[in-house]
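Structure file entry-v2.cif (mmCIF, C-alpha atoms) follows.
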```cif
data_entry
loop_
_atom_site.label_atom_id
_atom_site.label_comp_id
_atom_site.auth_asym_id
_atom_site.auth_seq_id
_atom_site.Cartn_x
_atom_site.Cartn_y
_atom_site.Cartn_z
CA MET A 764 103.77 99.15 79.38
CA ASN A 765 106.26 97.50 81.70
CA GLU A 766 105.34 94.50 83.74
CA ILE A 767 105.88 95.00 87.45
CA ARG A 768 105.96 92.11 89.89
CA VAL A 769 104.73 92.72 93.41
CA GLY A 770 104.87 89.63 95.61
CA GLY A 771 103.57 86.89 93.31
CA MET A 772 101.32 89.31 91.46
CA ARG A 773 101.97 90.87 88.06
CA PHE A 774 100.87 94.30 87.01
CA ALA A 775 101.00 96.26 83.77
CA LEU A 776 99.37 99.67 84.00
CA ASP A 777 98.10 101.75 81.09
CA LEU A 778 98.02 105.47 81.94
CA SER A 779 95.25 106.14 79.42
CA GLN A 780 92.75 104.11 81.48
CA PRO A 781 91.65 104.55 85.11
CA LEU A 782 94.39 103.06 87.28
CA TYR A 783 92.14 102.00 90.12
CA GLU A 784 90.16 99.64 87.88
CA GLN A 785 93.37 98.15 86.49
CA VAL A 786 94.85 97.51 89.94
CA LEU A 787 91.56 95.95 91.03
CA GLU A 788 91.24 93.73 87.95
CA GLN A 789 94.88 92.66 88.07
CA VAL A 790 94.73 91.67 91.75
CA ARG A 791 91.50 89.78 91.03
CA SER A 792 93.05 87.89 88.17
CA SER A 793 96.16 87.13 90.27
CA ILE A 794 93.86 85.55 92.84
CA ALA A 795 91.97 83.65 90.15
CA LYS A 796 95.17 82.31 88.57
CA GLY A 797 96.54 81.33 91.94
CA GLU A 798 99.57 83.65 91.65
CA ILE A 799 98.70 84.57 95.20
CA ALA A 800 97.43 81.86 97.52
CA LEU A 801 94.37 81.71 99.76
CA GLY A 802 95.02 83.35 103.11
CA GLU A 803 98.23 84.98 101.88
CA LYS A 804 99.09 88.50 102.99
CA ILE A 805 99.03 91.17 100.30
CA PRO A 806 101.36 94.20 100.27
CA SER A 807 100.27 97.23 102.31
CA VAL A 808 98.82 100.25 100.51
CA ARG A 809 102.13 101.99 100.90
CA GLU A 810 104.18 99.08 99.58
CA MET A 811 101.87 98.60 96.61
CA ALA A 812 101.85 102.36 95.81
CA GLN A 813 105.63 102.39 96.08
CA ALA A 814 106.08 99.35 93.80
CA LEU A 815 103.64 100.61 91.16
CA LYS A 816 104.73 104.29 91.55
CA ILE A 817 101.14 105.42 91.88
CA ASN A 818 99.07 107.49 94.26
CA PRO A 819 98.30 105.64 97.53
CA ASN A 820 94.67 106.83 97.23
CA THR A 821 94.35 104.79 94.03
CA VAL A 822 95.60 101.63 95.75
CA MET A 823 93.36 102.30 98.74
CA ARG A 824 90.31 102.54 96.50
CA ALA A 825 91.10 99.22 94.79
CA TYR A 826 91.72 97.53 98.17
CA GLN A 827 88.40 98.80 99.53
CA GLU A 828 86.61 97.30 96.55
CA LEU A 829 88.35 93.93 97.06
CA GLU A 830 87.27 93.98 100.67
CA ARG A 831 83.69 94.84 99.71
CA ASP A 832 83.67 91.80 97.40
CA GLN A 833 85.03 89.78 100.35
CA LEU A 834 88.06 88.70 98.36
CA THR A 835 90.29 90.12 101.06
CA GLU A 836 90.00 90.79 104.75
CA THR A 837 91.88 93.22 106.93
CA ARG A 838 93.05 92.01 110.31
CA ARG A 839 93.72 94.80 112.69
CA GLY A 840 97.38 95.52 113.15
CA GLN A 841 98.36 92.63 110.88
CA GLY A 842 97.50 93.77 107.38
CA THR A 843 95.30 92.63 104.52
CA PHE A 844 94.93 88.96 103.55
CA ILE A 845 93.39 87.07 100.66
CA THR A 846 90.22 85.26 101.66
CA THR A 847 90.54 81.64 102.82
CA ASP A 848 87.16 80.86 101.27
CA ALA A 849 87.80 78.73 98.15
CA ASP A 850 84.20 79.29 96.94
CA LYS A 851 84.86 83.02 96.60
CA VAL A 852 87.87 82.29 94.42
CA SER A 853 86.04 79.82 92.23
CA HIS A 854 83.31 82.44 91.90
CA ILE A 855 85.76 84.98 90.41
CA ARG A 856 87.31 82.31 88.22
CA HIS A 857 83.87 81.62 86.86
CA ARG A 858 83.19 85.32 86.34
CA LEU A 859 86.50 85.90 84.57
CA ALA A 860 85.78 82.90 82.32
CA GLU A 861 82.39 84.35 81.42
CA GLU A 862 83.94 87.71 80.63
CA ALA A 863 86.56 86.08 78.42
CA VAL A 864 83.91 84.08 76.56
CA GLU A 865 81.72 87.14 76.08
CA GLU A 866 84.66 89.09 74.66
CA PHE A 867 85.45 86.21 72.32
CA LEU A 868 81.84 85.87 71.17
CA ALA A 869 81.54 89.60 70.56
CA ARG A 870 84.70 89.55 68.46
CA MET A 871 83.60 86.51 66.44
CA SER A 872 80.19 88.03 65.83
CA SER A 873 81.80 91.29 64.67
CA LEU A 874 83.75 89.18 62.18
CA GLY A 875 80.44 87.79 60.91
CA PHE A 876 80.48 84.26 62.38
CA THR A 877 77.23 82.68 63.52
CA ALA A 878 76.83 80.66 66.72
CA GLU A 879 76.95 77.50 64.63
CA ASP A 880 80.20 78.52 62.88
CA ILE A 881 81.76 79.26 66.25
CA ALA A 882 80.66 75.93 67.69
CA ASN A 883 82.14 74.15 64.68
CA ILE A 884 85.45 75.95 64.96
CA LEU A 885 85.66 75.18 68.67
CA ARG A 886 84.86 71.54 68.04
CA ALA A 887 87.53 71.32 65.34
CA LYS A 888 90.09 72.90 67.69
CA GLY A 889 89.03 70.57 70.48
CA GLY A 890 89.62 67.66 68.10
CA GLU A 891 93.29 68.66 67.94
CA GLY A 892 93.55 67.73 71.59
CA ARG A 893 93.76 71.18 73.15
CA MET B 1392 84.97 117.00 99.00
CA SER B 1393 86.39 119.91 101.00
CA VAL B 1394 88.43 122.52 99.22
CA ALA B 1395 91.90 123.52 100.45
CA ILE B 1396 92.54 126.26 97.87
CA LYS B 1397 89.94 128.20 95.96
CA GLY B 1398 90.56 130.89 93.36
CA GLU B 1399 87.94 132.73 91.33
CA GLY B 1400 88.46 135.08 88.42
CA ILE B 1401 92.10 135.72 89.30
CA THR B 1402 93.77 138.24 87.00
CA LYS B 1403 97.34 139.50 87.04
CA LEU B 1404 98.85 141.95 84.58
CA TYR B 1405 102.56 142.52 84.07
CA ALA B 1406 103.55 145.53 81.96
CA LYS B 1407 101.74 144.45 78.82
CA ARG B 1408 101.24 140.76 79.45
CA ARG B 1409 98.30 139.08 81.19
CA ALA B 1410 99.90 136.34 83.28
CA LEU B 1411 96.52 135.28 84.65
CA ASP B 1412 93.26 136.18 82.98
CA GLY B 1413 90.18 135.17 84.95
CA PHE B 1414 91.78 132.01 86.38
CA ASP B 1415 89.47 129.69 88.37
CA ILE B 1416 90.74 126.79 90.48
CA GLU B 1417 89.62 124.44 93.24
CA VAL B 1418 92.18 122.24 94.96
CA PRO B 1419 90.58 119.39 96.94
CA GLU B 1420 91.75 118.64 100.45
CA TYR B 1421 93.90 115.55 101.20
CA ALA B 1422 94.65 114.85 97.54
CA ILE B 1423 97.58 115.39 95.19
CA THR B 1424 96.69 118.06 92.65
CA ALA B 1425 98.84 118.96 89.67
CA ILE B 1426 98.81 122.30 87.89
CA LEU B 1427 99.95 121.51 84.37
CA GLY B 1428 100.92 123.67 81.45
CA PRO B 1429 103.91 124.89 79.47
CA ASN B 1430 106.21 127.71 80.59
CA GLY B 1431 104.44 131.05 80.40
CA ALA B 1432 100.94 129.63 80.95
CA GLY B 1433 100.63 131.46 84.27
CA LYS B 1434 101.46 128.61 86.66
CA SER B 1435 104.33 130.30 88.50
CA THR B 1436 102.41 133.54 88.96
CA PHE B 1437 99.62 131.60 90.63
CA MET B 1438 102.04 129.61 92.78
CA ARG B 1439 103.60 132.84 94.07
CA MET B 1440 100.14 134.18 94.97
CA LEU B 1441 99.51 131.28 97.34
CA THR B 1442 102.08 132.57 99.81
CA GLY B 1443 101.33 136.24 99.21
CA MET B 1444 104.49 136.97 97.21
CA VAL B 1445 102.34 138.24 94.35
CA GLU B 1446 98.95 139.92 94.74
CA PRO B 1447 96.14 139.44 92.24
CA ASP B 1448 94.87 142.55 90.42
CA ALA B 1449 91.37 141.12 90.43
CA GLY B 1450 89.59 138.02 91.72
CA THR B 1451 89.59 136.20 95.04
CA LEU B 1452 91.89 133.57 96.49
CA THR B 1453 91.63 131.60 99.72
CA VAL B 1454 94.27 129.17 100.97
CA LEU B 1455 93.20 126.86 103.83
CA GLY B 1456 90.18 129.12 104.27
CA GLU B 1457 92.18 132.34 104.59
CA ARG B 1458 93.60 135.03 102.34
CA PRO B 1459 97.31 134.55 101.70
CA SER B 1460 99.47 136.17 104.36
CA TRP B 1461 102.74 135.54 106.16
CA GLN B 1462 100.77 134.23 109.17
CA ASN B 1463 99.02 131.72 106.92
CA ASN B 1464 102.40 130.64 105.53
CA ARG B 1465 103.18 128.90 108.82
CA ARG B 1466 100.75 126.21 107.68
CA ILE B 1467 102.33 125.83 104.24
CA SER B 1468 105.45 123.93 103.28
CA TYR B 1469 106.70 125.47 100.04
CA LEU B 1470 109.33 124.03 97.75
CA PRO B 1471 110.61 126.87 95.56
CA ASP B 1472 111.71 126.32 91.98
CA ARG B 1473 115.22 127.51 92.82
CA ALA B 1474 117.39 126.69 95.80
CA ARG B 1475 119.22 129.23 97.95
CA TRP B 1476 121.65 128.11 100.66
CA TYR B 1477 123.77 129.83 103.25
CA GLN B 1478 127.47 129.88 102.55
CA GLY B 1479 129.35 126.98 104.03
CA HIS B 1480 126.18 125.01 104.76
CA THR B 1481 126.04 121.23 104.72
CA VAL B 1482 123.08 118.85 104.84
CA GLU B 1483 123.46 118.77 108.62
CA LYS B 1484 123.55 122.56 108.95
CA ALA B 1485 120.56 122.94 106.66
CA ILE B 1486 118.57 120.55 108.86
CA GLU B 1487 119.68 122.46 111.99
CA TRP B 1488 118.57 125.66 110.29
CA GLY B 1489 115.17 124.09 109.46
CA ALA B 1490 114.72 122.94 113.06
CA ARG B 1491 115.39 126.48 114.33
CA LEU B 1492 113.35 128.43 111.79
CA LEU B 1493 110.68 126.37 110.05
CA PRO B 1494 107.33 125.98 111.87
CA GLU B 1495 106.28 122.41 112.72
CA PHE B 1496 109.63 121.03 111.61
CA ARG B 1497 110.34 117.42 112.72
CA LYS B 1498 114.08 117.02 112.91
CA ASP B 1499 114.06 113.23 113.27
CA GLU B 1500 111.91 112.98 110.16
CA ALA B 1501 114.27 115.30 108.30
CA TRP B 1502 117.18 112.94 109.08
CA GLU B 1503 115.18 109.92 108.03
CA LEU B 1504 114.23 111.65 104.78
CA ALA B 1505 117.80 112.76 104.12
CA GLY B 1506 118.85 109.12 104.55
CA SER B 1507 116.23 107.72 102.20
CA LEU B 1508 116.97 110.47 99.68
CA GLY B 1509 120.64 109.49 99.75
CA LEU B 1510 122.08 112.66 101.34
CA GLU B 1511 125.11 112.42 103.63
CA ALA B 1512 125.25 114.73 106.66
CA ASP B 1513 128.54 116.37 105.66
CA LEU B 1514 127.65 116.94 102.02
CA GLU B 1515 128.25 120.64 101.29
CA THR B 1516 125.48 122.68 99.71
CA GLU B 1517 128.04 124.49 97.62
CA GLY B 1518 128.77 122.40 94.57
CA MET B 1519 125.69 120.19 94.94
CA SER B 1520 124.13 118.91 91.73
CA LYS B 1521 120.68 120.16 90.85
CA GLY B 1522 119.28 116.76 91.80
CA GLN B 1523 120.98 116.82 95.22
CA GLU B 1524 119.66 120.34 95.85
CA ALA B 1525 116.14 119.29 94.93
CA ARG B 1526 116.39 116.28 97.24
CA LEU B 1527 117.62 118.37 100.18
CA MET B 1528 114.88 120.95 99.67
CA LEU B 1529 112.31 118.19 99.51
CA ALA B 1530 113.62 116.64 102.75
CA LEU B 1531 113.23 120.02 104.49
CA CYS B 1532 109.72 120.47 103.08
CA LEU B 1533 108.45 116.97 103.88
CA ALA B 1534 109.80 117.14 107.43
CA ARG B 1535 107.16 119.74 108.29
CA GLU B 1536 103.89 118.56 109.84
CA VAL B 1537 101.67 121.10 108.07
CA PRO B 1538 98.33 120.75 106.24
CA LEU B 1539 99.51 122.05 102.85
CA LEU B 1540 102.55 121.10 100.79
CA ILE B 1541 103.30 123.12 97.64
CA LEU B 1542 105.94 121.97 95.16
CA ASP B 1543 106.93 124.39 92.42
CA GLU B 1544 108.55 122.44 89.55
CA PRO B 1545 110.12 119.75 91.74
CA PHE B 1546 111.22 117.62 88.78
CA SER B 1547 112.60 120.04 86.26
CA GLY B 1548 116.18 119.65 85.13
CA ILE B 1549 117.14 116.92 87.59
CA ASP B 1550 118.63 113.51 86.94
CA MET B 1551 116.50 110.38 86.67
CA LEU B 1552 117.66 108.80 89.93
CA SER B 1553 116.95 111.96 91.93
CA ARG B 1554 113.57 112.10 90.31
CA GLU B 1555 112.80 108.50 91.26
CA LYS B 1556 113.90 109.14 94.85
CA ILE B 1557 111.68 112.23 95.02
CA VAL B 1558 108.67 110.30 93.71
CA ALA B 1559 109.29 107.53 96.26
CA ALA B 1560 109.60 110.04 99.11
CA LEU B 1561 106.34 111.72 98.07
CA ILE B 1562 104.48 108.40 97.96
CA ASP B 1563 105.79 107.47 101.41
CA SER B 1564 104.92 110.82 102.89
CA PHE B 1565 101.46 110.85 101.35
CA SER B 1566 100.78 107.28 102.59
CA THR B 1567 101.40 108.22 106.18
CA ARG B 1568 100.12 111.78 106.45
CA ARG B 1569 96.83 113.53 105.80
CA GLN B 1570 98.06 116.45 103.77
CA THR B 1571 96.97 118.44 100.73
CA VAL B 1572 99.64 118.47 98.04
CA LEU B 1573 99.83 120.88 95.12
CA ILE B 1574 102.45 120.26 92.44
CA CYS B 1575 103.12 122.61 89.57
CA THR B 1576 104.98 120.95 86.70
CA HIS B 1577 105.40 120.74 82.97
CA GLU B 1578 106.95 117.28 83.20
CA ILE B 1579 104.22 114.70 83.35
CA ALA B 1580 105.69 111.60 81.75
CA GLU B 1581 106.88 109.90 84.92
CA THR B 1582 104.72 111.72 87.43
CA GLU B 1583 101.14 111.62 86.21
CA SER B 1584 100.45 108.36 88.05
CA LEU B 1585 100.83 110.32 91.31
CA PHE B 1586 98.04 112.79 90.72
CA ASP B 1587 94.46 112.64 92.02
CA HIS B 1588 93.37 115.86 90.40
CA ALA B 1589 94.69 117.90 87.48
CA VAL B 1590 94.30 121.50 86.35
CA PHE B 1591 95.50 122.38 82.84
CA VAL B 1592 96.39 126.07 82.51
CA ASN B 1593 96.49 127.81 79.16
CA ASP B 1594 96.97 131.55 78.51
CA GLY B 1595 96.19 132.44 82.11
CA ARG B 1596 92.96 130.45 82.29
CA THR B 1597 91.85 126.96 83.23
CA ALA B 1598 91.62 124.95 80.02
CA LEU B 1599 90.49 121.75 81.74
CA ALA B 1600 90.25 120.46 85.32
CA GLY B 1601 89.02 117.33 87.03
CA SER B 1602 89.69 114.04 88.75
CA VAL B 1603 92.57 112.34 86.95
CA GLU B 1604 90.84 108.94 86.97
CA ASP B 1605 87.72 110.47 85.37
CA LEU B 1606 89.85 112.31 82.81
CA ARG B 1607 91.61 109.02 81.96
CA ALA B 1608 88.26 107.28 81.41
CA GLU B 1609 86.95 110.13 79.24
CA ARG B 1610 90.04 111.41 77.40
CA GLY B 1611 93.07 109.21 78.01
CA SER B 1612 96.38 109.86 79.78
CA MET B 1613 97.46 113.28 81.05
CA GLN B 1614 100.20 113.20 78.41
CA ASP B 1615 97.60 112.70 75.65
CA ILE B 1616 95.45 115.52 77.01
CA TYR B 1617 98.50 117.76 77.34
CA ARG B 1618 99.41 117.19 73.69
CA ARG B 1619 95.85 117.93 72.60
CA ILE B 1620 95.63 121.17 74.56
CA TYR B 1621 99.08 122.60 73.86
CA GLY B 1622 100.28 120.75 70.78
#
```
For this file, produce the structure as structure tokens.
Amino acid sequence: MNEIRVGGMRFALDLSQPLYEQVLEQVRSSIAKGEIALGEKIPSVREMAQALKINPNTVMRAYQELERDQLTETRRGQGTFITTDADKVSHIRHRLAEEAVEEFLARMSSLGFTAEDIANILRAKGGEGR
Amino acid sequence: MSVAIKGEGITKLYAKRRALDGFDIEVPEYAITAILGPNGAGKSTFMRMLTGMVEPDAGTLTVLGERPSWQNNRRISYLPDRARWYQGHTVEKAIEWGARLLPEFRKDEAWELAGSLGLEADLETEGMSKGQEARLMLALCLAREVPLLILDEPFSGIDMLSREKIVAALIDSFSTRRQTVLICTHEIAETESLFDHAVFVNDGRTALAGSVEDLRAERGSMQDIYRRIYG
């Protein structure tokens, strides 16, 4: 998987998974990480399809979903822009954090650790100043 | 979803071989559909049927709602698997020829395409590389404002840079135009990210068909599926 940079955003697509979900998730996480700023213009469907070498329909579908979540807005004749609403961005940051924690907890529990073990490990790590 | 091409139970016999054997297909409108399979699976026979060059022995086929015919071909832009040029032609003369003879041909678009595909006006068709030929044919095909574009093996045996230019030109064209695209290919490594819909052909029948995104979620990449079906 090669990393492709489009504007400030980074993409790495895996052809064995639906591409639309990956484009959507990767734009979301670019917004959450601040790789692309509030109110910034995002590449057109054509530019994004061209950069990622994928079907424009796939990009369109991801963009529609972003718009539905109000993370982007399309201004007629000007293009598509990231929301200027900081609450929306902190909302995805929070959601991505929850997802990451859930993944971590699921993995730890599959390794046989209890909630108490996990808390202890986290505390010990925290004690190292991280 | 509207259907641009529909085939049911198509059978074609050659001497002793069944090229197609009860082949079913639905090609959705305004999407990029790929017909995939190794040489000899029956892909080319089906492609030739779309423009009426080959007739089915049994089964039904409609293209843009009609049976294949030369009248219907006015609405189809067809990229053949082999190029044929007039003697002494150049890129410029080929575009002039297209403007005179091909229905719904947009000459200004042809020039724009030739430019973005890296073809100089005075480049002679004689002595062109396979990649240059493929690029010129593609420019002529994409310059037509028609509802159906058919590409028969557009990527086979051409150099990597030509291939990349062809992919880029297809993405641009598909971004700006509402058109149904059908691509027949056995080379999926660098092209599968372009497809909306895939039809895997094996021994003259449909082995598997569906939305590429759904197939990815259920079975993995088109390359993986290809290996499982034909490997």
Using all atoms listed in the file, determine which residues lie at most 12 Å from His857 (chain A), disregarding the query and same-chain residues fewer than 4 positions distant; provide the list as JSON, numbers by chain. {"A": [791, 792, 795, 796, 850, 851, 852, 853, 861, 862, 863, 864]}
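Here CA of Val769 (chain A) stands at a distance of 17.7 Å from CA of Arg824 (chain A).
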Region 804-821 of chain A environment, 8 Å, all atoms listed in the file, sequence neighbours closer than 4 positions dropped, as a PyMOL selection string: (chain A and resi 767+769-770+782-783+825-826+842-845) or (chain B and resi 1558-1559+1562-1563+1565-1566+1584-1587)
Could you expand the PyMOL selection byres ((chain B) within 12 of (chain A)) into the explicit residues it covers here, written as a ChimeraX atom specification? /B:1421-1424,1554-1569,1572,1579-1588,1602-1616
Given the selection you just returned, output its residues as a file containing C-alpha atoms, formatted as a compact mmCIF listing (two decimals), in the coordinates of the input.
```txt
# COMPACT_ATOMS: atom_id res chain seq x y z
CA TYR B 1421 93.90 115.55 101.20
CA ALA B 1422 94.65 114.85 97.54
CA ILE B 1423 97.58 115.39 95.19
CA THR B 1424 96.69 118.06 92.65
CA ARG B 1554 113.57 112.10 90.31
CA GLU B 1555 112.80 108.50 91.26
CA LYS B 1556 113.90 109.14 94.85
CA ILE B 1557 111.68 112.23 95.02
CA VAL B 1558 108.67 110.30 93.71
CA ALA B 1559 109.29 107.53 96.26
CA ALA B 1560 109.60 110.04 99.11
CA LEU B 1561 106.34 111.72 98.07
CA ILE B 1562 104.48 108.40 97.96
CA ASP B 1563 105.79 107.47 101.41
CA SER B 1564 104.92 110.82 102.89
CA PHE B 1565 101.46 110.85 101.35
CA SER B 1566 100.78 107.28 102.59
CA THR B 1567 101.40 108.22 106.18
CA ARG B 1568 100.12 111.78 106.45
CA ARG B 1569 96.83 113.53 105.80
CA VAL B 1572 99.64 118.47 98.04
CA ILE B 1579 104.22 114.70 83.35
CA ALA B 1580 105.69 111.60 81.75
CA GLU B 1581 106.88 109.90 84.92
CA THR B 1582 104.72 111.72 87.43
CA GLU B 1583 101.14 111.62 86.21
CA SER B 1584 100.45 108.36 88.05
CA LEU B 1585 100.83 110.32 91.31
CA PHE B 1586 98.04 112.79 90.72
CA ASP B 1587 94.46 112.64 92.02
CA HIS B 1588 93.37 115.86 90.40
CA SER B 1602 89.69 114.04 88.75
CA VAL B 1603 92.57 112.34 86.95
CA GLU B 1604 90.84 108.94 86.97
CA ASP B 1605 87.72 110.47 85.37
CA LEU B 1606 89.85 112.31 82.81
CA ARG B 1607 91.61 109.02 81.96
CA ALA B 1608 88.26 107.28 81.41
CA GLU B 1609 86.95 110.13 79.24
CA ARG B 1610 90.04 111.41 77.40
CA GLY B 1611 93.07 109.21 78.01
CA SER B 1612 96.38 109.86 79.78
CA MET B 1613 97.46 113.28 81.05
CA GLN B 1614 100.20 113.20 78.41
CA ASP B 1615 97.60 112.70 75.65
CA ILE B 1616 95.45 115.52 77.01
```
Kindly give the distance, in Å, that separates CA of Leu1533 (chain B) and CA of Leu1508 (chain B), rounded to a single decimal. 11.5 Å
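Take CA of Lys1397 (chain B) and CA of Pro1419 (chain B): the distance between them is 8.9 Å.
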Selection result of the PyMOL selection byres ((chain B and resi 1476) around 12) on this file, as a ChimeraX atom specification: /B:1473-1475,1477-1482,1484-1486,1488-1489,1515-1519,1524-1525,1527-1528
Looking at only C-alpha atoms, which of A:Ala869, A:Leu801, A:Met772, A:Ile881 is the one that sits closest to Thr835 (chain A)? A:Leu801
Please write the residues picked by the PyMOL selection byres ((chain B and resi 1500) around 10) on this file as a short mmCIF file (atom, residue, chain, number, x, y, z; two decimals) with C-alpha atoms, in the coordinates of the input.
```cif
data_model
loop_
_atom_site.label_atom_id
_atom_site.label_comp_id
_atom_site.auth_asym_id
_atom_site.auth_seq_id
_atom_site.Cartn_x
_atom_site.Cartn_y
_atom_site.Cartn_z
CA PHE B 1496 109.63 121.03 111.61
CA ARG B 1497 110.34 117.42 112.72
CA LYS B 1498 114.08 117.02 112.91
CA ASP B 1499 114.06 113.23 113.27
CA ALA B 1501 114.27 115.30 108.30
CA TRP B 1502 117.18 112.94 109.08
CA GLU B 1503 115.18 109.92 108.03
CA LEU B 1504 114.23 111.65 104.78
CA ALA B 1505 117.80 112.76 104.12
CA GLY B 1506 118.85 109.12 104.55
CA ALA B 1530 113.62 116.64 102.75
CA LEU B 1531 113.23 120.02 104.49
CA LEU B 1533 108.45 116.97 103.88
CA ALA B 1534 109.80 117.14 107.43
CA ARG B 1535 107.16 119.74 108.29
CA GLU B 1536 103.89 118.56 109.84
#
```
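Restricting the calculation to all atoms listed in the file, the smallest distance between Lys1434 (chain B) and any of B:Val1418, B:Ala1410, B:Leu1470, B:Glu1457 is found for B:Ala1410.
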For each of B:Val1592, B:Ile1620, B:Met1440, B:Leu1540, take the minimum atom-to-atom distance to Gly1428 (chain B), counting all atoms listed in the file, then give the residue where this is smallest. B:Val1592
I'd like the contact shell of Arg773 (chain A) - 9 Å cut-off, only C-alpha atoms, skipping same-chain residues fewer than 4 positions apart - returned as a list in words. Glu766, Ile767, Arg768, Val769, Gln789, Val790, Ser793 and Glu798 of chain A
As a JSON list (two decimals), keeping the file's coordinate frame, could you write out region 869-885 of chain A once it has been completed with N, CA and C atoms?
```json
[["chain", "number", "residue", "atom", "x", "y", "z"],
["A", 869, "ALA", "N", 81.79, 88.30, 71.16],
["A", 869, "ALA", "CA", 81.54, 89.60, 70.56],
["A", 869, "ALA", "C", 82.47, 89.81, 69.36],
["A", 870, "ARG", "N", 83.72, 89.37, 69.53],
["A", 870, "ARG", "CA", 84.70, 89.55, 68.46],
["A", 870, "ARG", "C", 84.33, 88.68, 67.26],
["A", 871, "MET", "N", 83.96, 87.42, 67.52],
["A", 871, "MET", "CA", 83.60, 86.51, 66.44],
["A", 871, "MET", "C", 82.36, 87.03, 65.71],
["A", 872, "SER", "N", 81.40, 87.55, 66.48],
["A", 872, "SER", "CA", 80.19, 88.03, 65.83],
["A", 872, "SER", "C", 80.48, 89.29, 65.01],
["A", 873, "SER", "N", 81.44, 90.11, 65.47],
["A", 873, "SER", "CA", 81.80, 91.29, 64.67],
["A", 873, "SER", "C", 82.52, 90.88, 63.39],
["A", 874, "LEU", "N", 83.11, 89.69, 63.39],
["A", 874, "LEU", "CA", 83.75, 89.18, 62.18],
["A", 874, "LEU", "C", 82.75, 88.45, 61.28],
["A", 875, "GLY", "N", 81.50, 88.36, 61.74],
["A", 875, "GLY", "CA", 80.44, 87.79, 60.91],
["A", 875, "GLY", "C", 80.20, 86.30, 61.10],
["A", 876, "PHE", "N", 80.74, 85.69, 62.15],
["A", 876, "PHE", "CA", 80.48, 84.26, 62.38],
["A", 876, "PHE", "C", 79.19, 84.04, 63.14],
["A", 877, "THR", "N", 78.45, 83.01, 62.79],
["A", 877, "THR", "CA", 77.23, 82.68, 63.52],
["A", 877, "THR", "C", 77.59, 81.75, 64.68],
["A", 878, "ALA", "N", 76.61, 81.54, 65.57],
["A", 878, "ALA", "CA", 76.83, 80.66, 66.72],
["A", 878, "ALA", "C", 77.24, 79.27, 66.25],
["A", 879, "GLU", "N", 76.64, 78.84, 65.13],
["A", 879, "GLU", "CA", 76.95, 77.50, 64.63],
["A", 879, "GLU", "C", 78.40, 77.42, 64.13],
["A", 880, "ASP", "N", 78.81, 78.47, 63.37],
["A", 880, "ASP", "CA", 80.20, 78.52, 62.88],
["A", 880, "ASP", "C", 81.16, 78.42, 64.06],
["A", 881, "ILE", "N", 80.85, 79.20, 65.09],
["A", 881, "ILE", "CA", 81.76, 79.26, 66.25],
["A", 881, "ILE", "C", 81.85, 77.88, 66.91],
["A", 882, "ALA", "N", 80.68, 77.26, 67.07],
["A", 882, "ALA", "CA", 80.66, 75.93, 67.69],
["A", 882, "ALA", "C", 81.50, 74.95, 66.87],
["A", 883, "ASN", "N", 81.37, 75.05, 65.55],
["A", 883, "ASN", "CA", 82.14, 74.15, 64.68],
["A", 883, "ASN", "C", 83.64, 74.37, 64.82],
["A", 884, "ILE", "N", 84.01, 75.63, 64.83],
["A", 884, "ILE", "CA", 85.45, 75.95, 64.96],
["A", 884, "ILE", "C", 85.99, 75.42, 66.28],
["A", 885, "LEU", "N", 85.22, 75.64, 67.35],
["A", 885, "LEU", "CA", 85.66, 75.18, 68.67],
["A", 885, "LEU", "C", 85.80, 73.67, 68.68]]
```
